[in-house]
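Q: Data file target.txt (compact mmCIF, N, CA and C atoms) is appended below.
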```txt
# COMPACT_ATOMS: atom_id res chain seq x y z
N MET A 950 -68.12 -30.19 19.03
CA MET A 950 -67.27 -29.62 18.01
C MET A 950 -67.49 -28.10 18.00
N PRO A 951 -66.41 -27.34 17.94
CA PRO A 951 -66.56 -25.87 17.94
C PRO A 951 -67.39 -25.41 16.75
N ASP A 952 -68.12 -24.32 16.96
CA ASP A 952 -68.98 -23.78 15.91
C ASP A 952 -68.19 -23.29 14.70
N TRP A 953 -67.00 -22.71 14.93
CA TRP A 953 -66.21 -22.18 13.80
C TRP A 953 -65.79 -23.31 12.86
N LEU A 954 -65.55 -24.51 13.42
CA LEU A 954 -65.17 -25.65 12.59
C LEU A 954 -66.35 -26.07 11.70
N ALA A 955 -67.52 -26.04 12.25
CA ALA A 955 -68.71 -26.43 11.48
C ALA A 955 -69.04 -25.40 10.41
N THR A 956 -68.77 -24.13 10.68
CA THR A 956 -69.13 -23.09 9.71
C THR A 956 -68.07 -22.91 8.63
N HIS A 957 -66.84 -23.28 8.89
CA HIS A 957 -65.76 -23.10 7.92
C HIS A 957 -65.23 -24.43 7.38
N ASN A 958 -66.05 -25.45 7.44
CA ASN A 958 -65.63 -26.80 7.06
C ASN A 958 -65.10 -26.86 5.63
N GLY A 959 -65.76 -26.21 4.67
CA GLY A 959 -65.32 -26.23 3.27
C GLY A 959 -63.98 -25.57 3.08
N TRP A 960 -63.76 -24.44 3.80
CA TRP A 960 -62.48 -23.75 3.69
C TRP A 960 -61.36 -24.58 4.29
N LEU A 961 -61.64 -25.29 5.36
CA LEU A 961 -60.60 -26.13 5.96
C LEU A 961 -60.16 -27.24 5.01
N TRP A 962 -61.11 -27.81 4.29
CA TRP A 962 -60.75 -28.83 3.30
C TRP A 962 -59.92 -28.23 2.17
N ALA A 963 -60.26 -27.02 1.75
CA ALA A 963 -59.49 -26.35 0.69
C ALA A 963 -58.07 -26.05 1.17
N ILE A 964 -57.94 -25.60 2.41
CA ILE A 964 -56.60 -25.32 2.97
C ILE A 964 -55.80 -26.62 3.08
N LEU A 965 -56.46 -27.68 3.55
CA LEU A 965 -55.79 -28.98 3.62
C LEU A 965 -55.32 -29.42 2.24
N GLY A 966 -56.17 -29.21 1.23
CA GLY A 966 -55.79 -29.58 -0.13
C GLY A 966 -54.57 -28.81 -0.61
N LEU A 967 -54.54 -27.52 -0.34
CA LEU A 967 -53.38 -26.70 -0.75
C LEU A 967 -52.12 -27.10 0.01
N LEU A 968 -52.26 -27.45 1.29
CA LEU A 968 -51.10 -27.93 2.06
C LEU A 968 -50.57 -29.25 1.50
N LEU A 969 -51.47 -30.14 1.14
CA LEU A 969 -51.04 -31.43 0.57
C LEU A 969 -50.34 -31.22 -0.78
N ILE A 970 -50.89 -30.35 -1.60
CA ILE A 970 -50.26 -30.08 -2.90
C ILE A 970 -48.90 -29.41 -2.68
N GLY A 971 -48.81 -28.52 -1.69
CA GLY A 971 -47.52 -27.92 -1.34
C GLY A 971 -46.55 -28.96 -0.83
N GLY A 972 -47.05 -29.91 -0.05
CA GLY A 972 -46.21 -31.01 0.42
C GLY A 972 -45.65 -31.83 -0.72
N GLU A 973 -46.43 -31.97 -1.78
CA GLU A 973 -45.96 -32.69 -2.97
C GLU A 973 -44.78 -31.96 -3.60
N MET A 974 -44.81 -30.64 -3.56
CA MET A 974 -43.70 -29.87 -4.12
C MET A 974 -42.44 -30.01 -3.28
N LEU A 975 -42.60 -30.13 -1.97
CA LEU A 975 -41.45 -30.28 -1.09
C LEU A 975 -40.88 -31.70 -1.11
N ALA A 976 -41.74 -32.68 -1.21
CA ALA A 976 -41.30 -34.09 -1.22
C ALA A 976 -42.00 -34.79 -2.38
N PRO A 977 -41.50 -34.60 -3.61
CA PRO A 977 -42.19 -35.16 -4.77
C PRO A 977 -42.21 -36.69 -4.74
N GLY A 978 -43.37 -37.21 -5.02
CA GLY A 978 -43.54 -38.65 -5.10
C GLY A 978 -44.80 -38.99 -5.87
N VAL A 979 -45.46 -37.99 -6.40
CA VAL A 979 -46.69 -38.10 -7.18
C VAL A 979 -47.74 -38.90 -6.42
N PHE A 980 -47.95 -38.52 -5.17
CA PHE A 980 -49.02 -39.15 -4.41
C PHE A 980 -49.83 -38.10 -3.65
N LEU A 981 -49.14 -37.21 -2.95
CA LEU A 981 -49.85 -36.19 -2.17
C LEU A 981 -50.69 -35.28 -3.04
N ILE A 982 -50.29 -35.10 -4.28
CA ILE A 982 -51.04 -34.21 -5.16
C ILE A 982 -52.46 -34.74 -5.37
N TRP A 983 -52.61 -36.05 -5.43
CA TRP A 983 -53.95 -36.62 -5.65
C TRP A 983 -54.80 -36.49 -4.40
N LEU A 984 -54.18 -36.63 -3.24
CA LEU A 984 -54.93 -36.42 -1.99
C LEU A 984 -55.29 -34.95 -1.85
N GLY A 985 -54.38 -34.06 -2.26
CA GLY A 985 -54.67 -32.63 -2.22
C GLY A 985 -55.82 -32.27 -3.14
N LEU A 986 -55.83 -32.86 -4.33
CA LEU A 986 -56.93 -32.63 -5.27
C LEU A 986 -58.25 -33.13 -4.68
N ALA A 987 -58.21 -34.29 -4.03
CA ALA A 987 -59.41 -34.82 -3.39
C ALA A 987 -59.90 -33.90 -2.27
N ALA A 988 -58.97 -33.32 -1.52
CA ALA A 988 -59.36 -32.39 -0.45
C ALA A 988 -59.97 -31.12 -1.03
N LEU A 989 -59.40 -30.62 -2.15
CA LEU A 989 -59.98 -29.43 -2.79
C LEU A 989 -61.39 -29.70 -3.29
N ILE A 990 -61.59 -30.86 -3.90
CA ILE A 990 -62.93 -31.23 -4.40
C ILE A 990 -63.88 -31.38 -3.21
N THR A 991 -63.40 -31.99 -2.14
CA THR A 991 -64.23 -32.15 -0.95
C THR A 991 -64.62 -30.78 -0.39
N GLY A 992 -63.68 -29.85 -0.38
CA GLY A 992 -63.99 -28.50 0.09
C GLY A 992 -65.09 -27.85 -0.74
N ALA A 993 -65.03 -28.05 -2.06
CA ALA A 993 -66.07 -27.49 -2.94
C ALA A 993 -67.42 -28.15 -2.66
N VAL A 994 -67.42 -29.46 -2.53
CA VAL A 994 -68.69 -30.18 -2.27
C VAL A 994 -69.28 -29.76 -0.93
N VAL A 995 -68.43 -29.68 0.09
CA VAL A 995 -68.89 -29.26 1.42
C VAL A 995 -69.41 -27.82 1.37
N GLY A 996 -68.72 -26.95 0.64
CA GLY A 996 -69.16 -25.57 0.52
C GLY A 996 -70.50 -25.45 -0.19
N ILE A 997 -70.71 -26.26 -1.21
CA ILE A 997 -71.95 -26.19 -1.98
C ILE A 997 -73.12 -26.82 -1.22
N PHE A 998 -72.90 -28.00 -0.65
CA PHE A 998 -74.00 -28.74 -0.03
C PHE A 998 -74.09 -28.58 1.48
N GLY A 999 -73.10 -27.94 2.11
CA GLY A 999 -73.14 -27.71 3.54
C GLY A 999 -73.13 -28.98 4.36
N LEU A 1000 -72.30 -29.93 4.00
CA LEU A 1000 -72.23 -31.21 4.72
C LEU A 1000 -71.55 -31.05 6.07
N GLY A 1001 -71.88 -31.93 6.98
CA GLY A 1001 -71.22 -31.98 8.29
C GLY A 1001 -69.85 -32.61 8.15
N TRP A 1002 -69.08 -32.57 9.24
CA TRP A 1002 -67.71 -33.07 9.15
C TRP A 1002 -67.66 -34.58 8.93
N GLN A 1003 -68.64 -35.32 9.44
CA GLN A 1003 -68.65 -36.77 9.25
C GLN A 1003 -68.87 -37.10 7.77
N ALA A 1004 -69.86 -36.45 7.17
CA ALA A 1004 -70.13 -36.68 5.75
C ALA A 1004 -68.96 -36.19 4.90
N ALA A 1005 -68.32 -35.10 5.30
CA ALA A 1005 -67.17 -34.56 4.56
C ALA A 1005 -66.01 -35.56 4.57
N CYS A 1006 -65.80 -36.23 5.69
CA CYS A 1006 -64.73 -37.24 5.76
C CYS A 1006 -65.03 -38.41 4.82
N ILE A 1007 -66.28 -38.81 4.75
CA ILE A 1007 -66.65 -39.90 3.85
C ILE A 1007 -66.48 -39.46 2.39
N VAL A 1008 -66.90 -38.24 2.09
CA VAL A 1008 -66.74 -37.70 0.73
C VAL A 1008 -65.26 -37.63 0.38
N PHE A 1009 -64.43 -37.18 1.33
CA PHE A 1009 -62.98 -37.12 1.08
C PHE A 1009 -62.41 -38.51 0.81
N ALA A 1010 -62.82 -39.50 1.59
CA ALA A 1010 -62.31 -40.86 1.38
C ALA A 1010 -62.66 -41.37 -0.01
N VAL A 1011 -63.89 -41.11 -0.45
CA VAL A 1011 -64.31 -41.56 -1.78
C VAL A 1011 -63.51 -40.84 -2.87
N PHE A 1012 -63.39 -39.51 -2.74
CA PHE A 1012 -62.63 -38.75 -3.74
C PHE A 1012 -61.15 -39.08 -3.70
N ALA A 1013 -60.61 -39.37 -2.52
CA ALA A 1013 -59.19 -39.73 -2.42
C ALA A 1013 -58.92 -41.03 -3.17
N ILE A 1014 -59.77 -42.02 -2.98
CA ILE A 1014 -59.60 -43.29 -3.69
C ILE A 1014 -59.72 -43.07 -5.20
N ALA A 1015 -60.71 -42.29 -5.60
CA ALA A 1015 -60.91 -42.04 -7.04
C ALA A 1015 -59.75 -41.26 -7.63
N CYS A 1016 -59.28 -40.22 -6.94
CA CYS A 1016 -58.17 -39.41 -7.47
C CYS A 1016 -56.88 -40.22 -7.55
N VAL A 1017 -56.60 -41.03 -6.54
CA VAL A 1017 -55.38 -41.85 -6.57
C VAL A 1017 -55.47 -42.86 -7.71
N ALA A 1018 -56.63 -43.47 -7.91
CA ALA A 1018 -56.79 -44.44 -9.01
C ALA A 1018 -56.60 -43.77 -10.36
N VAL A 1019 -57.22 -42.61 -10.55
CA VAL A 1019 -57.05 -41.88 -11.82
C VAL A 1019 -55.60 -41.44 -11.98
N GLY A 1020 -54.99 -40.98 -10.90
CA GLY A 1020 -53.59 -40.57 -10.94
C GLY A 1020 -52.67 -41.71 -11.33
N ARG A 1021 -52.93 -42.88 -10.81
CA ARG A 1021 -52.10 -44.05 -11.18
C ARG A 1021 -52.25 -44.38 -12.66
N LEU A 1022 -53.46 -44.24 -13.18
CA LEU A 1022 -53.66 -44.48 -14.61
C LEU A 1022 -52.91 -43.46 -15.45
N LEU A 1023 -52.91 -42.22 -15.01
CA LEU A 1023 -52.25 -41.16 -15.78
C LEU A 1023 -50.73 -41.24 -15.71
N THR A 1024 -50.20 -41.69 -14.58
CA THR A 1024 -48.74 -41.71 -14.41
C THR A 1024 -48.13 -43.09 -14.56
N ARG A 1025 -48.93 -44.05 -14.94
CA ARG A 1025 -48.44 -45.43 -15.11
C ARG A 1025 -47.35 -45.45 -16.16
N ARG A 1026 -46.32 -46.23 -15.90
CA ARG A 1026 -45.21 -46.33 -16.86
C ARG A 1026 -45.67 -47.07 -18.10
N LYS A 1027 -45.16 -46.60 -19.21
CA LYS A 1027 -45.48 -47.25 -20.48
C LYS A 1027 -44.74 -48.59 -20.54
N SER A 1028 -45.19 -49.44 -21.43
CA SER A 1028 -44.54 -50.74 -21.62
C SER A 1028 -43.08 -50.51 -21.96
N GLU A 1029 -42.23 -51.34 -21.42
CA GLU A 1029 -40.80 -51.18 -21.68
C GLU A 1029 -40.35 -51.98 -22.88
N GLU A 1030 -41.28 -52.36 -23.75
CA GLU A 1030 -40.91 -53.14 -24.92
C GLU A 1030 -39.96 -52.41 -25.87
N PRO A 1031 -40.09 -51.10 -26.11
CA PRO A 1031 -39.14 -50.46 -27.01
C PRO A 1031 -37.70 -50.63 -26.56
N ASP A 1032 -37.44 -50.50 -25.25
CA ASP A 1032 -36.09 -50.71 -24.76
C ASP A 1032 -35.67 -52.16 -24.91
N ALA A 1033 -36.61 -53.08 -24.63
CA ALA A 1033 -36.29 -54.49 -24.73
C ALA A 1033 -36.00 -54.87 -26.18
N ALA A 1034 -36.72 -54.28 -27.12
CA ALA A 1034 -36.52 -54.60 -28.53
C ALA A 1034 -35.16 -54.13 -29.02
N THR A 1035 -34.69 -53.00 -28.51
CA THR A 1035 -33.39 -52.48 -28.95
C THR A 1035 -32.25 -53.11 -28.18
N GLY A 1036 -32.55 -53.78 -27.07
CA GLY A 1036 -31.49 -54.38 -26.27
C GLY A 1036 -30.75 -53.35 -25.44
N LEU A 1037 -31.33 -52.17 -25.25
CA LEU A 1037 -30.69 -51.13 -24.46
C LEU A 1037 -30.38 -51.67 -23.08
N ASN A 1038 -29.17 -51.46 -22.64
CA ASN A 1038 -28.69 -51.92 -21.33
C ASN A 1038 -28.66 -53.44 -21.22
N ASP A 1039 -28.68 -54.14 -22.31
CA ASP A 1039 -28.57 -55.59 -22.32
C ASP A 1039 -27.59 -55.97 -23.43
N ARG A 1040 -26.31 -55.87 -23.11
CA ARG A 1040 -25.26 -56.04 -24.10
C ARG A 1040 -25.34 -57.40 -24.80
N GLY A 1041 -25.69 -58.45 -24.07
CA GLY A 1041 -25.77 -59.77 -24.68
C GLY A 1041 -26.81 -59.83 -25.78
N ARG A 1042 -27.98 -59.24 -25.57
CA ARG A 1042 -29.03 -59.24 -26.60
C ARG A 1042 -28.61 -58.45 -27.82
N GLN A 1043 -27.78 -57.45 -27.64
CA GLN A 1043 -27.30 -56.66 -28.78
C GLN A 1043 -26.39 -57.48 -29.69
N LEU A 1044 -25.83 -58.56 -29.14
CA LEU A 1044 -24.87 -59.37 -29.91
C LEU A 1044 -25.53 -60.47 -30.72
N ILE A 1045 -26.81 -60.72 -30.50
CA ILE A 1045 -27.50 -61.79 -31.23
C ILE A 1045 -27.47 -61.47 -32.72
N GLY A 1046 -27.05 -62.48 -33.51
CA GLY A 1046 -26.97 -62.33 -34.96
C GLY A 1046 -25.62 -61.84 -35.46
N LYS A 1047 -24.75 -61.41 -34.57
CA LYS A 1047 -23.43 -60.91 -34.98
C LYS A 1047 -22.45 -62.08 -35.11
N VAL A 1048 -21.46 -61.88 -35.96
CA VAL A 1048 -20.45 -62.91 -36.23
C VAL A 1048 -19.13 -62.46 -35.60
N PHE A 1049 -18.47 -63.41 -34.92
CA PHE A 1049 -17.19 -63.13 -34.27
C PHE A 1049 -16.22 -64.26 -34.57
N ARG A 1050 -14.93 -63.96 -34.39
CA ARG A 1050 -13.87 -64.95 -34.61
C ARG A 1050 -13.49 -65.54 -33.25
N LEU A 1051 -13.36 -66.87 -33.21
CA LEU A 1051 -13.01 -67.56 -31.96
C LEU A 1051 -11.64 -67.13 -31.48
N GLU A 1052 -11.55 -66.83 -30.21
CA GLU A 1052 -10.29 -66.43 -29.59
C GLU A 1052 -9.45 -67.66 -29.25
N THR A 1053 -10.13 -68.73 -28.80
CA THR A 1053 -9.45 -69.97 -28.43
C THR A 1053 -10.20 -71.15 -29.04
N THR A 1054 -9.53 -72.28 -29.15
CA THR A 1054 -10.18 -73.50 -29.63
C THR A 1054 -11.22 -73.93 -28.60
N MET A 1055 -12.38 -74.31 -29.09
CA MET A 1055 -13.46 -74.73 -28.19
C MET A 1055 -13.17 -76.12 -27.67
N ALA A 1056 -13.23 -76.29 -26.36
CA ALA A 1056 -12.99 -77.58 -25.74
C ALA A 1056 -14.22 -77.91 -24.89
N GLY A 1057 -14.78 -79.07 -25.10
CA GLY A 1057 -15.97 -79.48 -24.35
C GLY A 1057 -17.17 -78.60 -24.65
N GLY A 1058 -17.20 -78.02 -25.85
CA GLY A 1058 -18.32 -77.17 -26.24
C GLY A 1058 -18.27 -75.76 -25.67
N GLU A 1059 -17.14 -75.40 -25.06
CA GLU A 1059 -16.99 -74.06 -24.49
C GLU A 1059 -15.78 -73.37 -25.06
N GLY A 1060 -15.84 -72.06 -25.18
CA GLY A 1060 -14.73 -71.27 -25.67
C GLY A 1060 -14.93 -69.81 -25.34
N ARG A 1061 -14.16 -68.93 -26.03
CA ARG A 1061 -14.25 -67.50 -25.77
C ARG A 1061 -14.13 -66.73 -27.09
N VAL A 1062 -14.84 -65.60 -27.15
CA VAL A 1062 -14.71 -64.68 -28.28
C VAL A 1062 -14.43 -63.29 -27.72
N ARG A 1063 -13.72 -62.50 -28.49
CA ARG A 1063 -13.44 -61.12 -28.10
C ARG A 1063 -14.47 -60.23 -28.76
N VAL A 1064 -15.13 -59.41 -27.92
CA VAL A 1064 -16.12 -58.44 -28.39
C VAL A 1064 -15.66 -57.08 -27.89
N GLY A 1065 -15.14 -56.28 -28.80
CA GLY A 1065 -14.61 -54.98 -28.40
C GLY A 1065 -13.44 -55.19 -27.44
N ASP A 1066 -13.55 -54.64 -26.24
CA ASP A 1066 -12.47 -54.78 -25.26
C ASP A 1066 -12.78 -55.83 -24.20
N SER A 1067 -13.80 -56.65 -24.44
CA SER A 1067 -14.14 -57.68 -23.46
C SER A 1067 -14.13 -59.06 -24.10
N SER A 1068 -14.04 -60.06 -23.25
CA SER A 1068 -14.04 -61.45 -23.70
C SER A 1068 -15.29 -62.13 -23.15
N TRP A 1069 -16.01 -62.83 -24.03
CA TRP A 1069 -17.26 -63.47 -23.64
C TRP A 1069 -17.11 -64.98 -23.68
N ARG A 1070 -17.72 -65.65 -22.71
CA ARG A 1070 -17.77 -67.11 -22.69
C ARG A 1070 -18.82 -67.53 -23.70
N ILE A 1071 -18.52 -68.57 -24.48
CA ILE A 1071 -19.47 -69.07 -25.46
C ILE A 1071 -19.63 -70.57 -25.31
N VAL A 1072 -20.77 -71.07 -25.75
CA VAL A 1072 -20.99 -72.51 -25.85
C VAL A 1072 -21.53 -72.79 -27.24
N GLY A 1073 -21.17 -73.94 -27.76
CA GLY A 1073 -21.60 -74.31 -29.10
C GLY A 1073 -20.80 -75.49 -29.62
N PRO A 1074 -20.77 -75.68 -30.93
CA PRO A 1074 -20.05 -76.82 -31.51
C PRO A 1074 -18.53 -76.65 -31.36
N GLU A 1075 -17.84 -77.79 -31.33
CA GLU A 1075 -16.38 -77.77 -31.21
C GLU A 1075 -15.77 -77.19 -32.48
N LEU A 1076 -15.03 -76.10 -32.37
CA LEU A 1076 -14.39 -75.43 -33.50
C LEU A 1076 -12.98 -75.02 -33.10
N LEU A 1077 -12.13 -74.83 -34.10
CA LEU A 1077 -10.76 -74.41 -33.85
C LEU A 1077 -10.67 -72.89 -33.69
N ALA A 1078 -9.62 -72.44 -33.03
CA ALA A 1078 -9.38 -71.01 -32.86
C ALA A 1078 -9.33 -70.34 -34.23
N GLY A 1079 -9.91 -69.16 -34.35
CA GLY A 1079 -9.94 -68.42 -35.60
C GLY A 1079 -11.18 -68.67 -36.44
N ALA A 1080 -11.97 -69.71 -36.11
CA ALA A 1080 -13.20 -69.99 -36.86
C ALA A 1080 -14.23 -68.89 -36.54
N GLU A 1081 -15.11 -68.64 -37.49
CA GLU A 1081 -16.15 -67.63 -37.28
C GLU A 1081 -17.41 -68.29 -36.72
N VAL A 1082 -18.00 -67.63 -35.71
CA VAL A 1082 -19.22 -68.12 -35.09
C VAL A 1082 -20.25 -67.01 -35.06
N LYS A 1083 -21.51 -67.43 -35.11
CA LYS A 1083 -22.62 -66.48 -35.07
C LYS A 1083 -23.38 -66.69 -33.77
N VAL A 1084 -23.70 -65.59 -33.07
CA VAL A 1084 -24.43 -65.65 -31.81
C VAL A 1084 -25.91 -65.88 -32.13
N VAL A 1085 -26.49 -66.96 -31.54
CA VAL A 1085 -27.89 -67.27 -31.80
C VAL A 1085 -28.80 -66.91 -30.61
N ARG A 1086 -28.26 -66.94 -29.39
CA ARG A 1086 -29.05 -66.52 -28.23
C ARG A 1086 -28.10 -66.28 -27.06
N VAL A 1087 -28.66 -65.76 -25.98
CA VAL A 1087 -27.88 -65.47 -24.78
C VAL A 1087 -28.51 -66.20 -23.61
N GLU A 1088 -27.69 -66.86 -22.81
CA GLU A 1088 -28.15 -67.53 -21.60
C GLU A 1088 -27.35 -66.95 -20.44
N GLY A 1089 -27.95 -66.00 -19.75
CA GLY A 1089 -27.24 -65.31 -18.67
C GLY A 1089 -26.14 -64.46 -19.26
N SER A 1090 -24.88 -64.77 -18.89
CA SER A 1090 -23.74 -64.04 -19.45
C SER A 1090 -22.96 -64.90 -20.44
N THR A 1091 -23.59 -65.97 -20.92
CA THR A 1091 -22.96 -66.86 -21.88
C THR A 1091 -23.65 -66.72 -23.23
N LEU A 1092 -22.84 -66.62 -24.30
CA LEU A 1092 -23.38 -66.55 -25.64
C LEU A 1092 -23.47 -67.96 -26.21
N VAL A 1093 -24.58 -68.29 -26.81
CA VAL A 1093 -24.75 -69.57 -27.49
C VAL A 1093 -24.50 -69.29 -28.96
N VAL A 1094 -23.56 -70.05 -29.57
CA VAL A 1094 -23.15 -69.77 -30.94
C VAL A 1094 -23.32 -71.00 -31.83
N GLU A 1095 -23.28 -70.72 -33.12
CA GLU A 1095 -23.23 -71.78 -34.12
C GLU A 1095 -22.18 -71.36 -35.15
N LYS A 1096 -21.75 -72.32 -35.99
CA LYS A 1096 -20.75 -72.00 -37.00
C LYS A 1096 -21.35 -71.03 -38.02
N ALA A 1097 -20.58 -70.00 -38.33
CA ALA A 1097 -21.07 -68.97 -39.26
C ALA A 1097 -20.89 -69.41 -40.70
```
Output the file's structure in the form of structure tokens.
A:
Amino acid sequence: MPDWLATHNGWLWAILGLLLIGGEMLAPGVFLIWLGLAALITGAVVGIFGLGWQAACIVFAVFAIACVAVGRLLTRRKSEEPDAATGLNDRGRQLIGKVFRLETTMAGGEGRVRVGDSSWRIVGPELLAGAEVKVVRVEGSTLVVEKA
């Protein structure tokens, strides 16, 4: 191994770290930044303790795993329960508990209700057209109703 590589090992890790962080800016994906941080830390450790390149690679591997794990904890998505509770992007769930007037007479336990500018398939008790029904749950794209 060339002597300059052995004498500038810490600086090379720091440069690698800056290149990786720069790569994160060019192609964002929140991954290279953690490897860049690990390389910067490795450069500092190598500079302080004067480790050889073999030990520096092992130190980098350990710090890379640790930085990626910490990064995943920091950037982990929050629970999506608030959206699920409001029914955002789930039109059927938003209709639970609402009352609608039957568009057609229910035949064989099936019928249709008009909701805004759309018509929904419903299942429930046999009722005549014009009767009011309440949505109790959603099964796929079908509303399950009961008499209101």
Q: Using only C-alpha atoms, which residue out of A:Asp1066, A:Glu973, A:Asp1039, A:Glu1081 lies closest to Lys1096 of chain A?
A: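 Distance minimum relative to Lys1096 of chain A lands on A:Glu1081.
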Q: Using all atoms listed in the file, can you tell me which of A:Val1064, A:Leu1023, A:Phe980, A:Gly985 comes closest to Leu967 of chain A?
A: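 Nearest to Leu967 of chain A: A:Gly985.
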Q: In Å to one decimal, how far is atom N of Arg1042 of chain A from atom N of Ala1056 of chain A?
A: 22.6 Å
Q: Report as a ChimeraX atom specification: the residues of segment 977-1093 of chain A with a DSSP assignment of strand (DSSP E or B), based on the backbone of this structure.
A: /A:1048-1051,1056,1059-1064,1067-1072,1081-1088,1091-1093
Q: When distances are computed from only N, CA and C atoms, which of A:Ala987, A:Val994, A:Ala1097, A:Leu1076 shows the smallest separation from Cys1016 of chain A?
A: A:Ala987
Q: Pick the closest to Glu1052 of chain A from A:Gly1079, A:Pro1074, A:Gly978, A:Gly1065: which is it, counting only N, CA and C atoms?
A: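 Once distances to Glu1052 of chain A are computed over only N, CA and C atoms, the minimum belongs to A:Gly1079.
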Q: Of the candidates A:Val1072, A:Gly996, A:Trp1002, A:Val979, which shows the shortest atom-to-atom distance to Arg1021 of chain A, using all atoms listed in the file?
A: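 Between A:Val1072, A:Gly996, A:Trp1002, A:Val979, the residue approaching Arg1021 of chain A most closely is A:Val979.
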Q: How far is it from atom N of Val995 of chain A to atom N of Arg1025 of chain A, in Å with one decimal?
A: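 Computed distance, atom N of Val995 of chain A to atom N of Arg1025 of chain A, equals 28.5 Å.
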Q: Pick out the closest residue to Ala1010 of chain A from this set: A:Ala988, A:Leu969, A:Ile997, A:Val1093. Count only C-alpha atoms.
A: A:Ala988
Q: Please return as a PyMOL selection string: the residues of segment 983-1090 of chain A that backbone DSSP assigns to alpha helix (DSSP H).
A: chain A and resi 983-998+1002-1024+1030-1035+1040-1043
Q: Near Phe1009 of chain A, within 8 Å and counting all atoms listed in the file, which residues show up once chain neighbours fewer than 3 positions away are dropped, as number ranges by chain?
A: A: 987-988, 990-992, 1003-1006, 1012-1015
Q: Provide the atom C of Trp960 of chain A to atom C of Met974 of chain A distance in Å, to one decimal place.
A: 21.1 Å
Q: Draw an axis-aligned box tight on the listed atoms of segment 1001-1009 of chain A, then pad every side by 5 Å and write out centre and edge lengths in Å to one decimal as AutoDock Vina command-line options.
A:
```
--center_x -67.1 --center_y -35.9 --center_z 4.9 --size_x 19.5 --size_y 18.0 --size_z 19.1
```
Q: Near Ala993 of chain A, within 8 Å and counting only C-alpha atoms, which residues show up once chain neighbours fewer than 4 positions away are dropped, as a VMD selection string?
A: chain A and resid 959 963 989 997
Q: When you look at Arg1050 of chain A with a cut-off of 8 Å (counting only C-alpha atoms), what residues show up, excluding the ones that are within fewer than 5 positions of it in the same chain? I need them as a CSV table (one decimal) with N, CA and C atoms, in the coordinates of the input.
A:
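Result saved to result-v4.csv:
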```csv
chain,number,residue,atom,x,y,z
A,1062,VAL,N,-14.8,-65.6,-27.2
A,1062,VAL,CA,-14.7,-64.7,-28.3
A,1062,VAL,C,-14.4,-63.3,-27.7
A,1063,ARG,N,-13.7,-62.5,-28.5
A,1063,ARG,CA,-13.4,-61.1,-28.1
A,1063,ARG,C,-14.5,-60.2,-28.8
A,1078,ALA,N,-9.6,-72.4,-33.0
A,1078,ALA,CA,-9.4,-71.0,-32.9
A,1078,ALA,C,-9.3,-70.3,-34.2
A,1079,GLY,N,-9.9,-69.2,-34.4
A,1079,GLY,CA,-9.9,-68.4,-35.6
A,1079,GLY,C,-11.2,-68.7,-36.4
A,1080,ALA,N,-12.0,-69.7,-36.1
A,1080,ALA,CA,-13.2,-70.0,-36.9
A,1080,ALA,C,-14.2,-68.9,-36.5
A,1081,GLU,N,-15.1,-68.6,-37.5
A,1081,GLU,CA,-16.2,-67.6,-37.3
A,1081,GLU,C,-17.4,-68.3,-36.7
A,1082,VAL,N,-18.0,-67.6,-35.7
A,1082,VAL,CA,-19.2,-68.1,-35.1
A,1082,VAL,C,-20.2,-67.0,-35.1
```
